[in-house]
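Source file: query_33.cif. Holds: mmCIF, C-alpha atoms.
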```cif
data_final
loop_
_atom_site.group_PDB
_atom_site.id
_atom_site.type_symbol
_atom_site.label_atom_id
_atom_site.label_comp_id
_atom_site.auth_asym_id
_atom_site.auth_seq_id
_atom_site.Cartn_x
_atom_site.Cartn_y
_atom_site.Cartn_z
ATOM 1 C CA MET A 1 -34.311 -19.562 7.985
ATOM 2 C CA ALA A 2 -31.391 -17.398 6.853
ATOM 3 C CA THR A 3 -30.138 -14.647 9.112
ATOM 4 C CA SER A 4 -29.694 -11.101 7.899
ATOM 5 C CA SER A 5 -25.897 -11.657 7.805
ATOM 6 C CA GLU A 6 -26.381 -14.725 5.626
ATOM 7 C CA ASP A 7 -28.729 -12.767 3.366
ATOM 8 C CA ALA A 8 -26.201 -9.931 3.133
ATOM 9 C CA LEU A 9 -23.405 -12.368 2.208
ATOM 10 C CA LEU A 10 -25.582 -14.041 -0.416
ATOM 11 C CA SER A 11 -26.495 -10.652 -1.883
ATOM 12 C CA LEU A 12 -22.818 -9.607 -1.893
ATOM 13 C CA SER A 13 -21.742 -12.825 -3.608
ATOM 14 C CA GLN A 14 -24.479 -12.564 -6.243
ATOM 15 C CA SER A 15 -23.670 -8.917 -6.958
ATOM 16 C CA LEU A 16 -19.949 -9.541 -7.300
ATOM 17 C CA GLY A 17 -20.405 -12.825 -9.158
ATOM 18 C CA SER A 18 -22.210 -11.044 -11.967
ATOM 19 C CA CYS A 19 -19.072 -9.051 -12.857
ATOM 20 C CA GLN A 20 -16.971 -10.080 -15.833
ATOM 21 C CA HIS A 21 -14.061 -7.688 -15.239
ATOM 22 C CA ALA A 22 -12.108 -6.608 -12.150
ATOM 23 C CA ASP A 23 -12.865 -2.909 -12.711
ATOM 24 C CA ALA A 24 -16.620 -3.611 -12.762
ATOM 25 C CA LEU A 25 -16.301 -5.643 -9.572
ATOM 26 C CA LEU A 26 -14.337 -2.899 -7.798
ATOM 27 C CA ALA A 27 -17.026 -0.380 -8.767
ATOM 28 C CA LYS A 28 -19.715 -2.534 -7.106
ATOM 29 C CA ILE A 29 -17.905 -3.063 -3.801
ATOM 30 C CA PRO A 30 -18.894 0.228 -2.066
ATOM 31 C CA LEU A 31 -22.628 -0.326 -2.515
ATOM 32 C CA ALA A 32 -22.360 -4.042 -1.709
ATOM 33 C CA LEU A 33 -20.534 -3.332 1.582
ATOM 34 C CA GLN A 34 -22.994 -0.705 2.849
ATOM 35 C CA GLN A 35 -25.133 -3.481 4.315
ATOM 36 C CA PHE A 36 -22.213 -4.521 6.547
ATOM 37 C CA ALA A 37 -20.974 -1.197 7.977
ATOM 38 C CA LYS A 38 -21.158 2.563 7.528
ATOM 39 C CA PHE A 39 -17.995 4.091 6.123
ATOM 40 C CA ASP A 40 -16.883 7.323 4.479
ATOM 41 C CA GLU A 41 -13.669 6.127 2.871
ATOM 42 C CA LEU A 42 -13.099 2.835 1.041
ATOM 43 C CA ALA A 43 -10.061 1.678 -0.895
ATOM 44 C CA ILE A 44 -8.275 -1.412 -2.035
ATOM 45 C CA ALA A 45 -4.498 -1.601 -1.739
ATOM 46 C CA PHE A 46 -2.651 -4.091 -3.923
ATOM 47 C CA VAL A 47 0.531 -5.255 -2.229
ATOM 48 C CA ASN A 48 3.731 -5.709 -4.189
ATOM 49 C CA SER A 49 4.072 -9.422 -4.968
ATOM 50 C CA GLN A 50 7.874 -9.063 -5.084
ATOM 51 C CA GLY A 51 7.917 -7.671 -1.546
ATOM 52 C CA GLY A 52 8.735 -4.097 -2.554
ATOM 53 C CA ASP A 53 8.544 -0.998 -0.391
ATOM 54 C CA THR A 54 5.287 0.292 -1.883
ATOM 55 C CA PHE A 55 1.684 -0.676 -2.453
ATOM 56 C CA GLU A 56 -0.741 0.565 -5.069
ATOM 57 C CA ALA A 57 -3.924 1.964 -3.516
ATOM 58 C CA ARG A 58 -7.127 2.581 -5.428
ATOM 59 C CA SER A 59 -9.864 4.657 -3.848
ATOM 60 C CA LEU A 60 -13.332 3.176 -4.298
ATOM 61 C CA GLN A 61 -15.253 5.806 -2.317
ATOM 62 C CA GLY A 62 -14.445 8.976 -0.439
ATOM 63 C CA ARG A 63 -11.732 11.613 -0.558
ATOM 64 C CA LYS A 64 -9.003 9.351 -1.969
ATOM 65 C CA ILE A 65 -6.845 9.331 1.144
ATOM 66 C CA TRP A 66 -5.629 5.857 0.189
ATOM 67 C CA GLN A 67 -4.816 6.506 -3.478
ATOM 68 C CA GLY A 68 -1.818 5.950 -5.754
ATOM 69 C CA THR A 69 1.580 4.481 -5.009
ATOM 70 C CA MET A 70 2.234 4.681 -1.277
ATOM 71 C CA PRO A 71 5.172 3.579 0.892
ATOM 72 C CA SER A 72 4.634 0.352 2.842
ATOM 73 C CA ALA A 73 6.890 1.296 5.735
ATOM 74 C CA GLY A 74 4.959 3.008 8.491
ATOM 75 C CA SER A 75 1.541 2.283 6.987
ATOM 76 C CA SER A 76 -1.484 0.592 8.485
ATOM 77 C CA VAL A 77 -1.740 -1.436 5.276
ATOM 78 C CA TYR A 78 1.693 -2.951 5.887
ATOM 79 C CA ALA A 79 0.766 -3.632 9.544
ATOM 80 C CA ALA A 80 -2.385 -5.524 8.495
ATOM 81 C CA VAL A 81 -0.472 -7.541 5.887
ATOM 82 C CA ASP A 82 2.306 -8.292 8.375
ATOM 83 C CA LYS A 83 -0.248 -9.356 10.997
ATOM 84 C CA GLY A 84 -2.247 -11.356 8.436
ATOM 85 C CA ALA A 85 -5.478 -10.376 10.185
ATOM 86 C CA PRO A 86 -7.886 -7.434 10.272
ATOM 87 C CA LEU A 87 -6.541 -4.268 11.835
ATOM 88 C CA ALA A 88 -9.021 -1.793 13.332
ATOM 89 C CA GLU A 89 -8.861 1.239 15.576
ATOM 90 C CA ALA A 90 -11.371 3.726 16.961
ATOM 91 C CA GLY A 91 -10.531 7.192 18.197
ATOM 92 C CA ILE A 92 -7.695 7.713 15.727
ATOM 93 C CA GLY A 93 -5.774 10.942 15.892
ATOM 94 C CA LYS A 94 -2.815 12.902 14.664
ATOM 95 C CA TYR A 95 -0.461 10.861 16.851
ATOM 96 C CA SER A 96 -1.230 7.488 15.283
ATOM 97 C CA ASN A 97 1.620 5.049 14.704
ATOM 98 C CA TYR A 98 0.803 4.966 10.966
ATOM 99 C CA TYR A 99 1.269 7.822 8.507
ATOM 100 C CA ASP A 100 -1.834 6.901 6.482
ATOM 101 C CA VAL A 101 -3.999 6.839 9.623
ATOM 102 C CA ARG A 102 -2.736 10.307 10.562
ATOM 103 C CA LYS A 103 -3.987 11.450 7.123
ATOM 104 C CA LEU A 104 -7.382 9.914 7.898
ATOM 105 C CA ALA A 105 -7.544 11.786 11.214
ATOM 106 C CA GLU A 106 -6.587 15.060 9.497
ATOM 107 C CA ALA A 107 -9.525 14.522 7.117
ATOM 108 C CA GLY A 108 -11.936 14.189 10.048
ATOM 109 C CA LEU A 109 -12.231 10.412 10.133
ATOM 110 C CA ALA A 110 -12.372 8.754 13.543
ATOM 111 C CA SER A 111 -12.010 5.009 12.951
ATOM 112 C CA TYR A 112 -10.679 2.564 10.393
ATOM 113 C CA ALA A 113 -10.593 -1.130 9.606
ATOM 114 C CA ILE A 114 -8.290 -2.934 7.198
ATOM 115 C CA PHE A 115 -8.876 -6.472 5.962
ATOM 116 C CA PRO A 116 -6.137 -8.511 4.254
ATOM 117 C CA LEU A 117 -7.384 -10.162 1.066
ATOM 118 C CA SER A 118 -5.780 -13.520 0.402
ATOM 119 C CA CYS A 119 -6.113 -16.413 -1.992
ATOM 120 C CA GLU A 120 -3.983 -19.506 -2.460
ATOM 121 C CA GLY A 121 -2.236 -18.733 0.816
ATOM 122 C CA LYS A 122 -0.964 -15.294 -0.254
ATOM 123 C CA ILE A 123 -2.157 -11.833 0.720
ATOM 124 C CA PHE A 124 -2.468 -9.898 -2.521
ATOM 125 C CA ALA A 125 -4.373 -6.815 -1.310
ATOM 126 C CA THR A 126 -6.164 -5.160 1.586
ATOM 127 C CA LEU A 127 -9.636 -3.700 1.805
ATOM 128 C CA ASN A 128 -9.386 -0.389 3.680
ATOM 129 C CA MET A 129 -12.334 1.363 5.300
ATOM 130 C CA ALA A 130 -12.598 4.504 7.413
ATOM 131 C CA SER A 131 -15.492 6.306 9.055
ATOM 132 C CA SER A 132 -16.198 9.644 10.692
ATOM 133 C CA SER A 133 -17.889 7.651 13.470
ATOM 134 C CA GLU A 134 -15.700 6.194 16.211
ATOM 135 C CA ARG A 135 -18.078 3.254 16.602
ATOM 136 C CA ALA A 136 -18.356 2.253 12.939
ATOM 137 C CA PHE A 137 -16.331 -0.922 13.326
ATOM 138 C CA SER A 138 -17.629 -2.835 16.337
ATOM 139 C CA ALA A 139 -16.437 -6.383 17.010
ATOM 140 C CA GLU A 140 -19.612 -7.654 15.326
ATOM 141 C CA ALA A 141 -19.073 -5.420 12.277
ATOM 142 C CA ILE A 142 -15.438 -6.568 12.020
ATOM 143 C CA GLN A 143 -16.580 -10.198 12.051
ATOM 144 C CA ARG A 144 -19.180 -9.589 9.311
ATOM 145 C CA LEU A 145 -16.735 -7.530 7.245
ATOM 146 C CA ALA A 146 -14.055 -10.225 7.561
ATOM 147 C CA LEU A 147 -16.475 -12.742 6.027
ATOM 148 C CA ALA A 148 -17.433 -10.279 3.300
ATOM 149 C CA SER A 149 -13.729 -9.635 2.625
ATOM 150 C CA ASP A 150 -13.185 -13.349 2.045
ATOM 151 C CA TYR A 151 -15.919 -13.312 -0.602
ATOM 152 C CA ILE A 152 -14.459 -10.191 -2.176
ATOM 153 C CA ALA A 153 -10.942 -11.670 -2.194
ATOM 154 C CA LYS A 154 -12.056 -14.801 -4.046
ATOM 155 C CA HIS A 155 -13.965 -12.809 -6.667
ATOM 156 C CA ILE A 156 -11.178 -10.277 -7.271
ATOM 157 C CA TYR A 157 -8.470 -12.932 -7.404
ATOM 158 C CA ALA A 158 -10.444 -15.044 -9.890
ATOM 159 C CA LEU A 159 -11.108 -12.073 -12.181
ATOM 160 C CA LEU A 160 -7.503 -10.836 -12.012
ATOM 161 C CA ALA A 161 -6.197 -14.349 -12.806
ATOM 162 C CA SER A 162 -8.659 -14.650 -15.682
ATOM 163 C CA GLU A 163 -7.685 -11.259 -17.092
ATOM 164 C CA LYS A 164 -3.988 -12.108 -16.754
ATOM 165 C CA ALA A 165 -4.537 -15.404 -18.596
ATOM 166 C CA ARG A 166 -6.357 -13.628 -21.434
ATOM 167 C CA GLN A 167 -3.437 -11.215 -21.873
#
```
Represent the structure of the file as structure tokens.
Amino acid sequence: MATSSEDALLSLSQSLGSCQHADALLAKIPLALQQFAKFDELAIAFVNSQGGDTFEARSLQGRKIWQGTMPSAGSSVYAAVDKGAPLAEAGIGKYSNYYDVRKLAEAGLASYAIFPLSCEGKIFATLNMASSSERAFSAEAIQRLALASDYIAKHIYALLASEKARQ
């Protein structure tokens, strides 16, 4: 018998697999992830494939704290990419090591989690989440979200490669 986590992953994969374009897939991610964790802010940050000093963030839900072209240096996004593993923190505040996390704290958010998205051995983006609850991203939630992020990475990468090939 399937566990609720397995059911959630199957539902996520089916929902995302029905998308024909990357924009449609990105629009479905917030609702699809609600079964894994509660969050107030959700964004995807596309890292510069040439190793530049910026990343392009796209808000998927919330107040658009991670939005637009942002500097890599001093960001939690860069730290997660550099680490190559999820980065999470509870009890964030105005004295955070990362400028983007300080912006989250100023907006009343108390915790965040960032998941590198990789395919073919390269990190191409991060999935960024933040919550007004300090306990939104427990160890169990991080584990479930890491699995969900792998599914999301494969779907996004495939659609972006397909769209690039069509152009």
**Q.** Explicit residues for the PyMOL selection byres ((chain A and resi 113) around 12) (as number ranges by chain)
**A.** A: 37-44, 76-77, 79-80, 85-92, 101, 104, 109-112, 114-116, 126-131, 134-139, 141-143, 145-146, 149
Would you save the residues of that selection, restricted to C-alpha atoms, as an mmCIF file, in the coordinates of the input?
```cif
data_model
loop_
_atom_site.group_PDB
_atom_site.id
_atom_site.type_symbol
_atom_site.label_atom_id
_atom_site.label_comp_id
_atom_site.auth_asym_id
_atom_site.auth_seq_id
_atom_site.Cartn_x
_atom_site.Cartn_y
_atom_site.Cartn_z
ATOM 1 C CA ALA A 37 -20.974 -1.197 7.977
ATOM 2 C CA LYS A 38 -21.158 2.563 7.528
ATOM 3 C CA PHE A 39 -17.995 4.091 6.123
ATOM 4 C CA ASP A 40 -16.883 7.323 4.479
ATOM 5 C CA GLU A 41 -13.669 6.127 2.871
ATOM 6 C CA LEU A 42 -13.099 2.835 1.041
ATOM 7 C CA ALA A 43 -10.061 1.678 -0.895
ATOM 8 C CA ILE A 44 -8.275 -1.412 -2.035
ATOM 9 C CA SER A 76 -1.484 0.592 8.485
ATOM 10 C CA VAL A 77 -1.740 -1.436 5.276
ATOM 11 C CA ALA A 79 0.766 -3.632 9.544
ATOM 12 C CA ALA A 80 -2.385 -5.524 8.495
ATOM 13 C CA ALA A 85 -5.478 -10.376 10.185
ATOM 14 C CA PRO A 86 -7.886 -7.434 10.272
ATOM 15 C CA LEU A 87 -6.541 -4.268 11.835
ATOM 16 C CA ALA A 88 -9.021 -1.793 13.332
ATOM 17 C CA GLU A 89 -8.861 1.239 15.576
ATOM 18 C CA ALA A 90 -11.371 3.726 16.961
ATOM 19 C CA GLY A 91 -10.531 7.192 18.197
ATOM 20 C CA ILE A 92 -7.695 7.713 15.727
ATOM 21 C CA VAL A 101 -3.999 6.839 9.623
ATOM 22 C CA LEU A 104 -7.382 9.914 7.898
ATOM 23 C CA LEU A 109 -12.231 10.412 10.133
ATOM 24 C CA ALA A 110 -12.372 8.754 13.543
ATOM 25 C CA SER A 111 -12.010 5.009 12.951
ATOM 26 C CA TYR A 112 -10.679 2.564 10.393
ATOM 27 C CA ILE A 114 -8.290 -2.934 7.198
ATOM 28 C CA PHE A 115 -8.876 -6.472 5.962
ATOM 29 C CA PRO A 116 -6.137 -8.511 4.254
ATOM 30 C CA THR A 126 -6.164 -5.160 1.586
ATOM 31 C CA LEU A 127 -9.636 -3.700 1.805
ATOM 32 C CA ASN A 128 -9.386 -0.389 3.680
ATOM 33 C CA MET A 129 -12.334 1.363 5.300
ATOM 34 C CA ALA A 130 -12.598 4.504 7.413
ATOM 35 C CA SER A 131 -15.492 6.306 9.055
ATOM 36 C CA GLU A 134 -15.700 6.194 16.211
ATOM 37 C CA ARG A 135 -18.078 3.254 16.602
ATOM 38 C CA ALA A 136 -18.356 2.253 12.939
ATOM 39 C CA PHE A 137 -16.331 -0.922 13.326
ATOM 40 C CA SER A 138 -17.629 -2.835 16.337
ATOM 41 C CA ALA A 139 -16.437 -6.383 17.010
ATOM 42 C CA ALA A 141 -19.073 -5.420 12.277
ATOM 43 C CA ILE A 142 -15.438 -6.568 12.020
ATOM 44 C CA GLN A 143 -16.580 -10.198 12.051
ATOM 45 C CA LEU A 145 -16.735 -7.530 7.245
ATOM 46 C CA ALA A 146 -14.055 -10.225 7.561
ATOM 47 C CA SER A 149 -13.729 -9.635 2.625
#
```
Q. What lies within 12 Å of Val47 of chain A using only C-alpha atoms, ignoring chain neighbours under 3 positions off, as a ChimeraX atom specification?
A. /A:44,50-58,68-72,75,77-82,116-118,122-127
For C-alpha atoms, I'd like the residues from the last selection saved as a PDB file, keeping the file's coordinate frame.
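The new file out27.pdb reads:
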```
ATOM      1  CA  ILE A  44      -8.275  -1.412  -2.035  1.00  0.00           C
ATOM      2  CA  GLN A  50       7.874  -9.063  -5.084  1.00  0.00           C
ATOM      3  CA  GLY A  51       7.917  -7.671  -1.546  1.00  0.00           C
ATOM      4  CA  GLY A  52       8.735  -4.097  -2.554  1.00  0.00           C
ATOM      5  CA  ASP A  53       8.544  -0.998  -0.391  1.00  0.00           C
ATOM      6  CA  THR A  54       5.287   0.292  -1.883  1.00  0.00           C
ATOM      7  CA  PHE A  55       1.684  -0.676  -2.453  1.00  0.00           C
ATOM      8  CA  GLU A  56      -0.741   0.565  -5.069  1.00  0.00           C
ATOM      9  CA  ALA A  57      -3.924   1.964  -3.516  1.00  0.00           C
ATOM     10  CA  ARG A  58      -7.127   2.581  -5.428  1.00  0.00           C
ATOM     11  CA  GLY A  68      -1.818   5.950  -5.754  1.00  0.00           C
ATOM     12  CA  THR A  69       1.580   4.481  -5.009  1.00  0.00           C
ATOM     13  CA  MET A  70       2.234   4.681  -1.277  1.00  0.00           C
ATOM     14  CA  PRO A  71       5.172   3.579   0.892  1.00  0.00           C
ATOM     15  CA  SER A  72       4.634   0.352   2.842  1.00  0.00           C
ATOM     16  CA  SER A  75       1.541   2.283   6.987  1.00  0.00           C
ATOM     17  CA  VAL A  77      -1.740  -1.436   5.276  1.00  0.00           C
ATOM     18  CA  TYR A  78       1.693  -2.951   5.887  1.00  0.00           C
ATOM     19  CA  ALA A  79       0.766  -3.632   9.544  1.00  0.00           C
ATOM     20  CA  ALA A  80      -2.385  -5.524   8.495  1.00  0.00           C
ATOM     21  CA  VAL A  81      -0.472  -7.541   5.887  1.00  0.00           C
ATOM     22  CA  ASP A  82       2.306  -8.292   8.375  1.00  0.00           C
ATOM     23  CA  PRO A 116      -6.137  -8.511   4.254  1.00  0.00           C
ATOM     24  CA  LEU A 117      -7.384 -10.162   1.066  1.00  0.00           C
ATOM     25  CA  SER A 118      -5.780 -13.520   0.402  1.00  0.00           C
ATOM     26  CA  LYS A 122      -0.964 -15.294  -0.254  1.00  0.00           C
ATOM     27  CA  ILE A 123      -2.157 -11.833   0.720  1.00  0.00           C
ATOM     28  CA  PHE A 124      -2.468  -9.898  -2.521  1.00  0.00           C
ATOM     29  CA  ALA A 125      -4.373  -6.815  -1.310  1.00  0.00           C
ATOM     30  CA  THR A 126      -6.164  -5.160   1.586  1.00  0.00           C
ATOM     31  CA  LEU A 127      -9.636  -3.700   1.805  1.00  0.00           C
TER      32      LEU A 127
END
```
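You will find atom CA of Gln35 of chain A at 21.0 Å from atom CA of Asp23 of chain A.
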Q: Tell me, in Å to one decimal, how far atom CA of Asp100 of chain A is from atom CA of Ala158 of chain A.
A: 28.7 Å
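Picture a line from atom CA of Leu9 of chain A to atom CA of Arg144 of chain A; it runs 8.7 Å.
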Taking N, CA and C atoms as the atom set, what does segment 106-142 of chain A look like once completed, written as an mmCIF file, in the frame of the given file?
```cif
data_model
loop_
_atom_site.group_PDB
_atom_site.id
_atom_site.type_symbol
_atom_site.label_atom_id
_atom_site.label_comp_id
_atom_site.auth_asym_id
_atom_site.auth_seq_id
_atom_site.Cartn_x
_atom_site.Cartn_y
_atom_site.Cartn_z
ATOM 1 N N GLU A 106 -6.607 13.679 9.987
ATOM 2 C CA GLU A 106 -6.587 15.060 9.497
ATOM 3 C C GLU A 106 -7.806 15.367 8.629
ATOM 4 N N ALA A 107 -8.351 14.348 7.975
ATOM 5 C CA ALA A 107 -9.525 14.522 7.117
ATOM 6 C C ALA A 107 -10.834 14.400 7.899
ATOM 7 N N GLY A 108 -10.743 14.242 9.219
ATOM 8 C CA GLY A 108 -11.936 14.189 10.048
ATOM 9 C C GLY A 108 -12.504 12.802 10.282
ATOM 10 N N LEU A 109 -11.760 11.774 9.917
ATOM 11 C CA LEU A 109 -12.231 10.412 10.133
ATOM 12 C C LEU A 109 -11.790 9.934 11.515
ATOM 13 N N ALA A 110 -12.610 9.113 12.145
ATOM 14 C CA ALA A 110 -12.372 8.754 13.543
ATOM 15 C C ALA A 110 -12.052 7.282 13.771
ATOM 16 N N SER A 111 -12.311 6.430 12.788
ATOM 17 C CA SER A 111 -12.010 5.009 12.951
ATOM 18 C C SER A 111 -11.691 4.391 11.595
ATOM 19 N N TYR A 112 -10.996 3.272 11.633
ATOM 20 C CA TYR A 112 -10.679 2.564 10.393
ATOM 21 C C TYR A 112 -10.646 1.070 10.655
ATOM 22 N N ALA A 113 -10.749 0.325 9.572
ATOM 23 C CA ALA A 113 -10.593 -1.130 9.606
ATOM 24 C C ALA A 113 -9.961 -1.549 8.286
ATOM 25 N N ILE A 114 -8.995 -2.449 8.379
ATOM 26 C CA ILE A 114 -8.290 -2.934 7.198
ATOM 27 C C ILE A 114 -8.345 -4.457 7.219
ATOM 28 N N PHE A 115 -8.715 -5.032 6.073
ATOM 29 C CA PHE A 115 -8.876 -6.472 5.962
ATOM 30 C C PHE A 115 -7.945 -7.019 4.883
ATOM 31 N N PRO A 116 -6.987 -7.883 5.264
ATOM 32 C CA PRO A 116 -6.137 -8.511 4.254
ATOM 33 C C PRO A 116 -6.978 -9.400 3.331
ATOM 34 N N LEU A 117 -6.715 -9.329 2.056
ATOM 35 C CA LEU A 117 -7.384 -10.162 1.066
ATOM 36 C C LEU A 117 -6.381 -11.209 0.600
ATOM 37 N N SER A 118 -6.719 -12.470 0.775
ATOM 38 C CA SER A 118 -5.780 -13.520 0.402
ATOM 39 C C SER A 118 -6.468 -14.606 -0.411
ATOM 40 N N CYS A 119 -5.659 -15.271 -1.208
ATOM 41 C CA CYS A 119 -6.113 -16.413 -1.992
ATOM 42 C C CYS A 119 -4.889 -17.275 -2.247
ATOM 43 N N GLU A 120 -5.082 -18.563 -2.267
ATOM 44 C CA GLU A 120 -3.983 -19.506 -2.460
ATOM 45 C C GLU A 120 -2.854 -19.268 -1.468
ATOM 46 N N GLY A 121 -3.213 -18.900 -0.252
ATOM 47 C CA GLY A 121 -2.236 -18.733 0.816
ATOM 48 C C GLY A 121 -1.404 -17.465 0.771
ATOM 49 N N LYS A 122 -1.738 -16.534 -0.144
ATOM 50 C CA LYS A 122 -0.964 -15.294 -0.254
ATOM 51 C C LYS A 122 -1.876 -14.087 -0.126
ATOM 52 N N ILE A 123 -1.429 -13.101 0.645
ATOM 53 C CA ILE A 123 -2.157 -11.833 0.720
ATOM 54 C C ILE A 123 -1.759 -11.014 -0.497
ATOM 55 N N PHE A 124 -2.746 -10.656 -1.305
ATOM 56 C CA PHE A 124 -2.468 -9.898 -2.521
ATOM 57 C C PHE A 124 -2.965 -8.451 -2.434
ATOM 58 N N ALA A 125 -3.814 -8.166 -1.432
ATOM 59 C CA ALA A 125 -4.373 -6.815 -1.310
ATOM 60 C C ALA A 125 -4.969 -6.649 0.082
ATOM 61 N N THR A 126 -5.389 -5.427 0.374
ATOM 62 C CA THR A 126 -6.164 -5.160 1.586
ATOM 63 C C THR A 126 -7.379 -4.337 1.192
ATOM 64 N N LEU A 127 -8.444 -4.512 1.948
ATOM 65 C CA LEU A 127 -9.636 -3.700 1.805
ATOM 66 C C LEU A 127 -9.622 -2.723 2.965
ATOM 67 N N ASN A 128 -9.568 -1.433 2.674
ATOM 68 C CA ASN A 128 -9.386 -0.389 3.680
ATOM 69 C C ASN A 128 -10.649 0.450 3.809
ATOM 70 N N MET A 129 -11.126 0.584 5.043
ATOM 71 C CA MET A 129 -12.334 1.363 5.300
ATOM 72 C C MET A 129 -12.058 2.359 6.416
ATOM 73 N N ALA A 130 -12.698 3.516 6.336
ATOM 74 C CA ALA A 130 -12.598 4.504 7.413
ATOM 75 C C ALA A 130 -13.943 5.207 7.549
ATOM 76 N N SER A 131 -14.214 5.670 8.769
ATOM 77 C CA SER A 131 -15.492 6.306 9.055
ATOM 78 C C SER A 131 -15.302 7.535 9.934
ATOM 79 N N SER A 132 -16.217 8.478 9.812
ATOM 80 C CA SER A 132 -16.198 9.644 10.692
ATOM 81 C C SER A 132 -16.758 9.290 12.072
ATOM 82 N N SER A 133 -17.366 8.132 12.185
ATOM 83 C CA SER A 133 -17.889 7.651 13.470
ATOM 84 C C SER A 133 -16.855 6.776 14.172
ATOM 85 N N GLU A 134 -16.646 7.021 15.453
ATOM 86 C CA GLU A 134 -15.700 6.194 16.211
ATOM 87 C C GLU A 134 -16.199 4.772 16.370
ATOM 88 N N ARG A 135 -17.499 4.569 16.333
ATOM 89 C CA ARG A 135 -18.078 3.254 16.602
ATOM 90 C C ARG A 135 -18.509 2.523 15.334
ATOM 91 N N ALA A 136 -17.954 2.866 14.204
ATOM 92 C CA ALA A 136 -18.356 2.253 12.939
ATOM 93 C C ALA A 136 -17.960 0.785 12.846
ATOM 94 N N PHE A 137 -16.872 0.425 13.492
ATOM 95 C CA PHE A 137 -16.331 -0.922 13.326
ATOM 96 C C PHE A 137 -16.311 -1.664 14.660
ATOM 97 N N SER A 138 -17.498 -2.049 15.110
ATOM 98 C CA SER A 138 -17.629 -2.835 16.337
ATOM 99 C C SER A 138 -17.071 -4.232 16.089
ATOM 100 N N ALA A 139 -16.928 -5.003 17.148
ATOM 101 C CA ALA A 139 -16.437 -6.383 17.010
ATOM 102 C C ALA A 139 -17.356 -7.174 16.082
ATOM 103 N N GLU A 140 -18.654 -6.956 16.195
ATOM 104 C CA GLU A 140 -19.612 -7.654 15.326
ATOM 105 C C GLU A 140 -19.444 -7.225 13.866
ATOM 106 N N ALA A 141 -19.275 -5.926 13.642
ATOM 107 C CA ALA A 141 -19.073 -5.420 12.277
ATOM 108 C C ALA A 141 -17.772 -5.966 11.690
ATOM 109 N N ILE A 142 -16.723 -6.025 12.495
ATOM 110 C CA ILE A 142 -15.438 -6.568 12.020
ATOM 111 C C ILE A 142 -15.615 -8.020 11.589
#
```
